[in-house]
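Notes follow once the structure below has been shown.
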Amino acid sequence: MKFPPESESLLVDSNYRADQIGPRIYVKDATLWSQDQSVQKDVAAFLGWVDAPLRTNAQAITAFAQEIKAAGFTDAVVLGMGGSSLSSLMFAQAFPNQGGLKLHVLDSTIPGDVLRIRNTVPLATTLIIVASKSGSTVEPLAFEEFFYQQLQSELGNQASQNIIAITDPGSQMEARATERNYRRIFLGEPEVGGRFSVFTVFGMVPAALAGLPISEMLQEAIQLHNRQDQNAVNLGIALAEFAQAGKDKITFLAPPHLEGIALWAEQLIAESTGKHGLGVLPLATEPLGTPESYGPDRIFFQINAEHPELHPSFQTSITTPAALAHLLYTLEIATAAAGAVLQVNPFDQPNVQAAKIIAQRELQKIQETKELPDLSFETNSEPLHLQGATGQSVGHALANFIHNHNPGDQVAFLTFLPETDETTVLIQTLRAAIRDRLNLATSFGYGPRYLHSTGQYHKGGPNNGLYIVLTAQDAEDPEIPGMGVTFGQLKMAQALGDIGALRDNDRRVVHIHITTDDISSALAQLAAELHIAVAP
């Protein structure tokens with residue numbers, strides 16, 4: 001990995017030396033992150049990731065993948081959230097067509113996304129992978145019940161043979177999988193948190209099923225661990241000290257097939273460092289701009305990209321799965337080192353639970369009334385409607401919201417909309433316009449995925465966000481078996497829960513609810529109006 005000259009000079013003057021921090025990470029010294037004994041105890045309980053590659057049984061996992069391929073399976077669908085799904089999404093995009101199963105990922109409660117996956121795969125030859133460390137996370141539970149019912153309808157008593165579970169020992173999911181006689185249960189390690197779990201069964205089982213050489217990948221991580229790689233520690237120190245100097249947003253630049261790495265790193269770094277008003281914010285998938293369009297709060301991380309005009313910039317090249325494994329372990333160590341410099345616990349996520357509690361409260365209301373909340377049109381508190389003639393006023397209201405920014409702010413689009421190419425292009429257009437005209441950093445997350453990624457940073461990190469939550473009505477809305485609600489109702493409860501948590505933390509947030517069936521036209525209308533409003 002190539003370090004920019006700025007970081008090298010910064011490290012020379014640093015109060016933190018890699019040879020002081022690194023050895024303590026590799027021997028799992030919990031005192032590195034806090035002087036508080038209770039925090040040290042919490043940290044110590046989640047340091048299993050440091051040497052997890054040494055314990056993961058590549059031979060057994062590879063043998064299982066070969067068994068599944070020989071049994072005639074053609075596709076695999078990972079049903080998960082956060083650390084249980086982002087690594088699979090990354091592997092599927094970075095290295096497709098490796099001779100294994102075609103790997104799909106469902107980490108969205110948006111009805112359109114659920115139905116898209118359901119209608120894409122041939123259920124009879126598809127292996128369903130339900131993945132959740134706790135086994136009780138609401139999204140994987142909803143996905144599991146939906147697909148279990150779908151498989152029963154198609155395969156009858158043989159449905160369970162098309163499902164495997166990846167979960168921690170003693171979880172509700174393990175009990176459920178045992179009772180239903182799922183084809184296989186892979187048990188994780190309780191001392192490894194979700195976002196640090198890529199080298200455990202949560203990452204390696206889907207990777208092996210997709211045909212990736214996990215033995216080589218694990219061996220690469222093991223070599224870094226055994227030699228106590230200091231480059232990774234230097235990277236973490238640099239990220240933290242750049243952040244302390246005001247360059248707290250790291251922009252990932254990568255070709256499309258490697259953007260999954262940025263999404264994985266986004267969760268790892270943001271959820272680990274974004275607390276106590278501090279944090280490093282990774283920016284994934286932001287369209288490339290000119291040097292003049294970026295503010296002074298940026299640093300860059302280039303993956304298979306060459307933009308020497310952008311600096312300070314870290315650079316690396318990924319051409320093989322082993323090289324990817326090298327980067328992933330490097331980023332894990334770097335994130336832990338950054339947490340040490342910032343003196344935050346990188347292994348908890350205290351503000352994520354708050355949004356879950358509010359979402360659960362909203363969900364209970366929906367279950368009791370069988371109706372969604374009244375989304376009336378009030379600019380300051382309730383969602384702005386985006387339909388027909390009201391689009392002009394919504395565009396101006398959003399422009400005014402963005403214009404009330406402070407130096408170092410970022411604009412975040414948090415979209416509870418179906419993940420389509422059209423929606424992505426339109427949101428990216430909005431991001432580019434805002435950055436180019438106002439020099440503001442922008443981020444973009446599909447909900448509820450971002451709740452388990454940058455969501456912690458949004459509520460616990462610096463109060464530097466202008467949060468734009470986008471929701472829409474659903475054309476189709478299947479029920480979730482056994483939960484008494486639909487996917488659309490769950491999605492809306494999650495959106496309202498996040499809005500409530502953001503407001504409870506005095507964050508600046510606006511909610512735009514699209515009431516027309518034509519989401520693309522509504523967003524295009526908003527983009528056109530916003531371009532006019534933010535033009536210099």
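Labels for the structure tokens follow display order: chains A, B, ..., residues from 1 in each chain, ligands from 1.
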May I have a table of the residues of stretch 108-205 of chain A lying at most 10 Å from stretch 60-73 of chain A, giving each one's closest pair of atoms and their distance in Å to one decimal, counting only C-alpha atoms, ordered by chain and ascending residue number, as JSON lines?
{"residue": "A:Pro122", "atom": "CA", "partner": "A:Phe73", "partner_atom": "CA", "distance": 9.5}
{"residue": "A:Leu123", "atom": "CA", "partner": "A:Phe73", "partner_atom": "CA", "distance": 9.5}
{"residue": "A:Ala124", "atom": "CA", "partner": "A:Phe73", "partner_atom": "CA", "distance": 8.1}
{"residue": "A:Thr125", "atom": "CA", "partner": "A:Phe73", "partner_atom": "CA", "distance": 4.4}
{"residue": "A:Thr126", "atom": "CA", "partner": "A:Phe73", "partner_atom": "CA", "distance": 5.7}
{"residue": "A:Leu127", "atom": "CA", "partner": "A:Phe73", "partner_atom": "CA", "distance": 6.7}
{"residue": "A:Asn162", "atom": "CA", "partner": "A:Phe73", "partner_atom": "CA", "distance": 8.9}
{"residue": "A:Arg184", "atom": "CA", "partner": "A:Phe64", "partner_atom": "CA", "distance": 9.3}
{"residue": "A:Phe186", "atom": "CA", "partner": "A:Ile61", "partner_atom": "CA", "distance": 9.3}
{"residue": "A:Val201", "atom": "CA", "partner": "A:Ile61", "partner_atom": "CA", "distance": 8.1}
{"residue": "A:Met204", "atom": "CA", "partner": "A:Ile61", "partner_atom": "CA", "distance": 7.6}
{"residue": "A:Val205", "atom": "CA", "partner": "A:Ile61", "partner_atom": "CA", "distance": 6.1}
Taking N, CA and C atoms for each residue, export the selection above as a PDB file, in the first residue's frame.
ATOM      1  N   PRO A 122     -33.861 -19.281  -9.087  1.00  0.00           N
ATOM      2  CA  PRO A 122     -34.648 -20.515  -9.163  1.00  0.00           C
ATOM      3  C   PRO A 122     -34.623 -21.212  -7.804  1.00  0.00           C
ATOM      4  N   LEU A 123     -35.702 -21.144  -7.069  1.00  0.00           N
ATOM      5  CA  LEU A 123     -35.695 -21.612  -5.680  1.00  0.00           C
ATOM      6  C   LEU A 123     -35.253 -23.063  -5.538  1.00  0.00           C
ATOM      7  N   ALA A 124     -35.623 -23.907  -6.465  1.00  0.00           N
ATOM      8  CA  ALA A 124     -35.317 -25.335  -6.325  1.00  0.00           C
ATOM      9  C   ALA A 124     -33.828 -25.600  -6.302  1.00  0.00           C
ATOM     10  N   THR A 125     -33.035 -24.755  -6.976  1.00  0.00           N
ATOM     11  CA  THR A 125     -31.578 -24.958  -7.016  1.00  0.00           C
ATOM     12  C   THR A 125     -30.837 -23.800  -6.342  1.00  0.00           C
ATOM     13  N   THR A 126     -31.514 -23.141  -5.432  1.00  0.00           N
ATOM     14  CA  THR A 126     -30.908 -22.017  -4.712  1.00  0.00           C
ATOM     15  C   THR A 126     -30.701 -22.372  -3.252  1.00  0.00           C
ATOM     16  N   LEU A 127     -29.495 -22.111  -2.748  1.00  0.00           N
ATOM     17  CA  LEU A 127     -29.188 -22.301  -1.336  1.00  0.00           C
ATOM     18  C   LEU A 127     -29.438 -20.983  -0.609  1.00  0.00           C
ATOM     19  N   ASN A 162     -32.646 -26.713   1.575  1.00  0.00           N
ATOM     20  CA  ASN A 162     -32.161 -25.595   0.778  1.00  0.00           C
ATOM     21  C   ASN A 162     -31.781 -24.402   1.642  1.00  0.00           C
ATOM     22  N   ARG A 184     -27.457 -27.250   7.145  1.00  0.00           N
ATOM     23  CA  ARG A 184     -26.196 -27.109   7.887  1.00  0.00           C
ATOM     24  C   ARG A 184     -26.277 -25.876   8.786  1.00  0.00           C
ATOM     25  N   PHE A 186     -23.551 -23.335  10.646  1.00  0.00           N
ATOM     26  CA  PHE A 186     -22.180 -22.904  10.904  1.00  0.00           C
ATOM     27  C   PHE A 186     -22.199 -21.938  12.083  1.00  0.00           C
ATOM     28  N   VAL A 201     -16.702 -17.645   9.674  1.00  0.00           N
ATOM     29  CA  VAL A 201     -17.661 -18.330   8.800  1.00  0.00           C
ATOM     30  C   VAL A 201     -18.631 -17.354   8.136  1.00  0.00           C
ATOM     31  N   MET A 204     -16.398 -16.271   5.128  1.00  0.00           N
ATOM     32  CA  MET A 204     -15.732 -17.305   4.350  1.00  0.00           C
ATOM     33  C   MET A 204     -16.681 -18.347   3.767  1.00  0.00           C
ATOM     34  N   VAL A 205     -17.801 -18.631   4.415  1.00  0.00           N
ATOM     35  CA  VAL A 205     -18.736 -19.608   3.845  1.00  0.00           C
ATOM     36  C   VAL A 205     -19.343 -19.084   2.539  1.00  0.00           C
TER      37      VAL A 205
END
Might you pull out every residue within 9 Å of A:Ile358, with only C-alpha atoms counted and same-chain residues fewer than 2 positions away left off, and present them as an mmCIF file with N, CA and C atoms, in the first residue's frame?
data_model
loop_
_atom_site.group_PDB
_atom_site.id
_atom_site.type_symbol
_atom_site.label_atom_id
_atom_site.label_comp_id
_atom_site.auth_asym_id
_atom_site.auth_seq_id
_atom_site.Cartn_x
_atom_site.Cartn_y
_atom_site.Cartn_z
ATOM 1 N N GLN A 353 -28.552 0.994 18.787
ATOM 2 C CA GLN A 353 -29.672 0.424 19.527
ATOM 3 C C GLN A 353 -30.802 1.425 19.704
ATOM 4 N N ALA A 354 -30.462 2.717 19.838
ATOM 5 C CA ALA A 354 -31.497 3.732 20.041
ATOM 6 C C ALA A 354 -32.470 3.764 18.870
ATOM 7 N N ALA A 355 -31.945 3.721 17.663
ATOM 8 C CA ALA A 355 -32.809 3.714 16.480
ATOM 9 C C ALA A 355 -33.658 2.449 16.430
ATOM 10 N N LYS A 356 -33.087 1.317 16.851
ATOM 11 C CA LYS A 356 -33.843 0.061 16.859
ATOM 12 C C LYS A 356 -35.024 0.139 17.815
ATOM 13 N N GLN A 360 -38.853 -0.197 16.768
ATOM 14 C CA GLN A 360 -39.715 -1.223 17.350
ATOM 15 C C GLN A 360 -41.002 -0.612 17.891
ATOM 16 N N ARG A 361 -40.888 0.579 18.474
ATOM 17 C CA ARG A 361 -42.071 1.277 18.981
ATOM 18 C C ARG A 361 -43.015 1.631 17.827
ATOM 19 N N GLU A 362 -42.446 2.126 16.719
ATOM 20 C CA GLU A 362 -43.264 2.449 15.555
ATOM 21 C C GLU A 362 -43.895 1.186 14.968
ATOM 22 N N LEU A 363 -43.131 0.097 14.976
ATOM 23 C CA LEU A 363 -43.644 -1.160 14.432
ATOM 24 C C LEU A 363 -44.811 -1.679 15.270
ATOM 25 N N ALA A 493 -41.289 1.764 9.545
ATOM 26 C CA ALA A 493 -40.959 1.837 10.969
ATOM 27 C C ALA A 493 -39.461 2.087 11.158
ATOM 28 N N GLN A 494 -38.630 1.444 10.334
ATOM 29 C CA GLN A 494 -37.192 1.653 10.436
ATOM 30 C C GLN A 494 -36.801 3.067 10.045
ATOM 31 N N LEU A 496 -38.739 5.799 10.201
ATOM 32 C CA LEU A 496 -39.203 6.706 11.252
ATOM 33 C C LEU A 496 -38.364 6.555 12.512
ATOM 34 N N GLY A 497 -37.919 5.331 12.783
ATOM 35 C CA GLY A 497 -37.053 5.113 13.943
ATOM 36 C C GLY A 497 -35.741 5.849 13.810
ATOM 37 N N ASP A 498 -35.169 5.835 12.607
ATOM 38 C CA ASP A 498 -33.902 6.533 12.408
ATOM 39 C C ASP A 498 -34.094 8.041 12.488
ATOM 40 N N GLY A 500 -36.302 9.583 14.226
ATOM 41 C CA GLY A 500 -36.452 9.899 15.642
ATOM 42 C C GLY A 500 -35.132 9.888 16.388
ATOM 43 N N ALA A 501 -34.284 8.913 16.095
ATOM 44 C CA ALA A 501 -32.983 8.842 16.764
ATOM 45 C C ALA A 501 -32.089 10.002 16.355
#
With only C-alpha atoms as the atoms that count, which of A:Thr316, A:Gln525, A:Thr515, A:Gln228 lies nearest to A:Arg24?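 Counting only C-alpha atoms, the residue closest to A:Arg24 is A:Gln228.
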Using only C-alpha atoms, the residue out of A:Lys491, A:His104, A:His257, A:His405 with shortest distance to A:Ala359 is A:Lys491
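Here atom CA of A:Leu288 and atom CA of A:Ile318 stand 19.4 Å from one another.
Nearest-residue note for A:Leu523: choosing from A:Leu470, A:Val352, A:Pro213, A:Ile222, the minimum distance belongs to A:Leu470, counting only C-alpha atoms.
Among the candidates A:Pro291, A:Gln161, A:His326, A:Lys365, the residue lying nearest to A:Glu309 is A:Pro291 (atoms considered: only C-alpha atoms).
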Which residues in stretch 86-226 of chain A does DSSP call helix (DSSP H, G or I)? List them as an MDAnalysis selection string. chainID A and resid 86:94 111:120 123:125 138:162 172:180 194:196 201:209 214:226
Export C-alpha atoms of the chosen residues as an mmCIF file, in the first residue's frame?
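Output file again-v5.cif follows:
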data_model
loop_
_atom_site.group_PDB
_atom_site.id
_atom_site.type_symbol
_atom_site.label_atom_id
_atom_site.label_comp_id
_atom_site.auth_asym_id
_atom_site.auth_seq_id
_atom_site.Cartn_x
_atom_site.Cartn_y
_atom_site.Cartn_z
ATOM 1 C CA LEU A 86 -21.599 -6.596 3.229
ATOM 2 C CA SER A 87 -18.673 -8.995 2.862
ATOM 3 C CA SER A 88 -20.805 -11.242 0.634
ATOM 4 C CA LEU A 89 -21.885 -8.255 -1.435
ATOM 5 C CA MET A 90 -18.222 -7.302 -1.835
ATOM 6 C CA PHE A 91 -17.159 -10.814 -2.891
ATOM 7 C CA ALA A 92 -20.041 -11.168 -5.363
ATOM 8 C CA GLN A 93 -19.145 -7.911 -7.099
ATOM 9 C CA ALA A 94 -15.352 -8.142 -7.002
ATOM 10 C CA PRO A 111 -40.688 -4.782 -0.701
ATOM 11 C CA GLY A 112 -39.393 -4.208 -4.239
ATOM 12 C CA ASP A 113 -35.931 -5.510 -3.296
ATOM 13 C CA VAL A 114 -37.333 -8.589 -1.519
ATOM 14 C CA LEU A 115 -39.528 -9.453 -4.496
ATOM 15 C CA ARG A 116 -36.706 -8.778 -6.975
ATOM 16 C CA ILE A 117 -34.477 -11.371 -5.301
ATOM 17 C CA ARG A 118 -37.377 -13.818 -4.953
ATOM 18 C CA ASN A 119 -38.210 -13.526 -8.648
ATOM 19 C CA THR A 120 -34.581 -13.647 -9.795
ATOM 20 C CA LEU A 123 -35.695 -21.612 -5.680
ATOM 21 C CA ALA A 124 -35.317 -25.335 -6.325
ATOM 22 C CA THR A 125 -31.578 -24.958 -7.016
ATOM 23 C CA VAL A 138 -35.292 -8.169 12.810
ATOM 24 C CA GLU A 139 -34.228 -7.989 9.155
ATOM 25 C CA PRO A 140 -32.626 -11.449 8.801
ATOM 26 C CA LEU A 141 -35.510 -12.895 10.837
ATOM 27 C CA ALA A 142 -38.057 -11.376 8.435
ATOM 28 C CA PHE A 143 -36.098 -12.604 5.391
ATOM 29 C CA GLU A 144 -35.767 -16.078 6.892
ATOM 30 C CA GLU A 145 -39.485 -16.462 7.553
ATOM 31 C CA PHE A 146 -40.414 -15.177 4.096
ATOM 32 C CA PHE A 147 -38.048 -17.464 2.193
ATOM 33 C CA TYR A 148 -38.774 -20.465 4.422
ATOM 34 C CA GLN A 149 -42.450 -20.091 3.506
ATOM 35 C CA GLN A 150 -41.575 -19.644 -0.179
ATOM 36 C CA LEU A 151 -39.437 -22.791 -0.145
ATOM 37 C CA GLN A 152 -42.163 -24.764 1.616
ATOM 38 C CA SER A 153 -44.636 -23.733 -1.078
ATOM 39 C CA GLU A 154 -42.283 -24.977 -3.805
ATOM 40 C CA LEU A 155 -40.429 -27.895 -2.184
ATOM 41 C CA GLY A 156 -42.729 -29.035 0.597
ATOM 42 C CA ASN A 157 -41.011 -31.126 3.274
ATOM 43 C CA GLN A 158 -37.652 -30.775 1.503
ATOM 44 C CA ALA A 159 -37.559 -27.000 2.018
ATOM 45 C CA SER A 160 -35.093 -27.172 4.908
ATOM 46 C CA GLN A 161 -32.481 -28.847 2.739
ATOM 47 C CA ASN A 162 -32.161 -25.595 0.778
ATOM 48 C CA GLN A 172 -32.447 -18.155 18.576
ATOM 49 C CA MET A 173 -31.445 -18.831 14.988
ATOM 50 C CA GLU A 174 -29.449 -21.914 15.991
ATOM 51 C CA ALA A 175 -32.454 -23.262 17.880
ATOM 52 C CA ARG A 176 -34.764 -22.530 14.959
ATOM 53 C CA ALA A 177 -32.378 -24.100 12.445
ATOM 54 C CA THR A 178 -32.071 -27.217 14.586
ATOM 55 C CA GLU A 179 -35.828 -27.547 15.015
ATOM 56 C CA ARG A 180 -36.439 -27.122 11.290
ATOM 57 C CA GLY A 194 -20.167 -8.451 13.042
ATOM 58 C CA ARG A 195 -18.166 -5.817 11.162
ATOM 59 C CA PHE A 196 -14.895 -7.616 12.021
ATOM 60 C CA VAL A 201 -17.661 -18.330 8.800
ATOM 61 C CA PHE A 202 -19.802 -15.234 8.165
ATOM 62 C CA GLY A 203 -17.473 -14.128 5.384
ATOM 63 C CA MET A 204 -15.732 -17.305 4.350
ATOM 64 C CA VAL A 205 -18.736 -19.608 3.845
ATOM 65 C CA PRO A 206 -20.392 -17.350 1.220
ATOM 66 C CA ALA A 207 -16.980 -16.687 -0.350
ATOM 67 C CA ALA A 208 -16.281 -20.417 -0.707
ATOM 68 C CA LEU A 209 -19.749 -21.070 -2.125
ATOM 69 C CA ILE A 214 -10.535 -19.003 0.815
ATOM 70 C CA SER A 215 -7.433 -20.985 1.824
ATOM 71 C CA GLU A 216 -5.264 -18.449 -0.013
ATOM 72 C CA MET A 217 -7.255 -15.559 1.424
ATOM 73 C CA LEU A 218 -6.959 -16.782 4.998
ATOM 74 C CA GLN A 219 -3.264 -17.515 4.537
ATOM 75 C CA GLU A 220 -2.681 -13.925 3.401
ATOM 76 C CA ALA A 221 -4.357 -12.602 6.546
ATOM 77 C CA ILE A 222 -2.434 -15.074 8.703
ATOM 78 C CA GLN A 223 0.879 -13.861 7.284
ATOM 79 C CA LEU A 224 0.000 -10.253 8.131
ATOM 80 C CA HIS A 225 -0.971 -11.311 11.642
ATOM 81 C CA ASN A 226 2.126 -13.403 12.231
#
Within 6 Å of stretch 333-350 of chain A, counting only C-alpha atoms, which residues show up once you throw out same-chain ones fewer than 6 positions away? Write them as a list in words, please. Trp33, Ala232, Val233, Leu235, Gly236, Ile237, Ala240, Ile269, Ser272 and Thr273 of chain A
Grab the residues selected above and save them as a PDB file, in the first residue's frame with C-alpha atoms.
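Writing the result to selection10.pdb gives the following:
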ATOM      1  CA  TRP A  33      -8.361   1.760  23.985  1.00  0.00           C
ATOM      2  CA  ALA A 232      -1.707  -1.327   8.772  1.00  0.00           C
ATOM      3  CA  VAL A 233      -1.072   0.348  12.130  1.00  0.00           C
ATOM      4  CA  LEU A 235      -2.568   3.655   8.210  1.00  0.00           C
ATOM      5  CA  GLY A 236      -4.847   3.756  11.246  1.00  0.00           C
ATOM      6  CA  ILE A 237      -2.724   6.353  13.021  1.00  0.00           C
ATOM      7  CA  ALA A 240      -7.086   9.318  13.078  1.00  0.00           C
ATOM      8  CA  ILE A 269     -14.569   2.533   9.899  1.00  0.00           C
ATOM      9  CA  SER A 272     -16.090   1.732  14.839  1.00  0.00           C
ATOM     10  CA  THR A 273     -14.908   5.342  15.166  1.00  0.00           C
TER      11      THR A 273
END
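Nearest residue to A:Gly461, choosing from A:Gln302, A:Ala254, A:His276, A:Val485 and counting only C-alpha atoms: A:His276.
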Tell me, as a VMD selection string, which residues lie within 6 Å of stretch 410-426 of chain A, counting only C-alpha atoms; anything in the same chain fewer than 5 positions away does not count. chain A and resid 110 112 to 113 440 to 447 465 to 471
From stretch 248-311 of chain A, collect each residue whose DSSP state is strand (DSSP E) and return the set as a ChimeraX atom specification. /A:249-253,281-283,298-303
Selected residue, from A:Gly48, A:Gly100, A:Pro4, A:Pro296, that lies nearest to A:Thr74 when counting only C-alpha atoms: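 Closest candidate: A:Gly100.
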Shell around A:Lys102 at 8 Å using only C-alpha atoms, local window under 5 positions removed, as a list in words: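 Contacts, with the query itself left out: Thr74, Asp75, Ala76, Ala92, Pro96, Asn97 and Ala210 of chain A.
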Write the residues of the preceding selection, restricted to N, CA and C atoms, as a PDB file, in the first residue's frame.
ATOM      1  N   THR A  74     -27.283 -23.976  -8.013  1.00  0.00           N
ATOM      2  CA  THR A  74     -26.733 -23.018  -8.979  1.00  0.00           C
ATOM      3  C   THR A  74     -26.559 -21.622  -8.396  1.00  0.00           C
ATOM      4  N   ASP A  75     -27.382 -21.279  -7.401  1.00  0.00           N
ATOM      5  CA  ASP A  75     -27.385 -19.932  -6.834  1.00  0.00           C
ATOM      6  C   ASP A  75     -27.359 -20.009  -5.311  1.00  0.00           C
ATOM      7  N   ALA A  76     -26.923 -18.922  -4.698  1.00  0.00           N
ATOM      8  CA  ALA A  76     -26.976 -18.795  -3.248  1.00  0.00           C
ATOM      9  C   ALA A  76     -27.430 -17.377  -2.919  1.00  0.00           C
ATOM     10  N   ALA A  92     -19.241 -10.922  -4.171  1.00  0.00           N
ATOM     11  CA  ALA A  92     -20.041 -11.168  -5.363  1.00  0.00           C
ATOM     12  C   ALA A  92     -19.707 -10.181  -6.476  1.00  0.00           C
ATOM     13  N   PRO A  96     -16.832 -12.263  -9.527  1.00  0.00           N
ATOM     14  CA  PRO A  96     -17.895 -13.162  -9.994  1.00  0.00           C
ATOM     15  C   PRO A  96     -17.309 -14.242 -10.900  1.00  0.00           C
ATOM     16  N   ASN A  97     -18.127 -15.217 -11.211  1.00  0.00           N
ATOM     17  CA  ASN A  97     -17.741 -16.249 -12.198  1.00  0.00           C
ATOM     18  C   ASN A  97     -16.457 -16.979 -11.805  1.00  0.00           C
ATOM     19  N   ALA A 210     -19.172 -19.137  -3.490  1.00  0.00           N
ATOM     20  CA  ALA A 210     -19.027 -18.391  -4.745  1.00  0.00           C
ATOM     21  C   ALA A 210     -17.800 -18.823  -5.531  1.00  0.00           C
TER      22      ALA A 210
END
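Atom CA of A:Thr516 sits 27.7 Å away from atom CA of A:Pro481.
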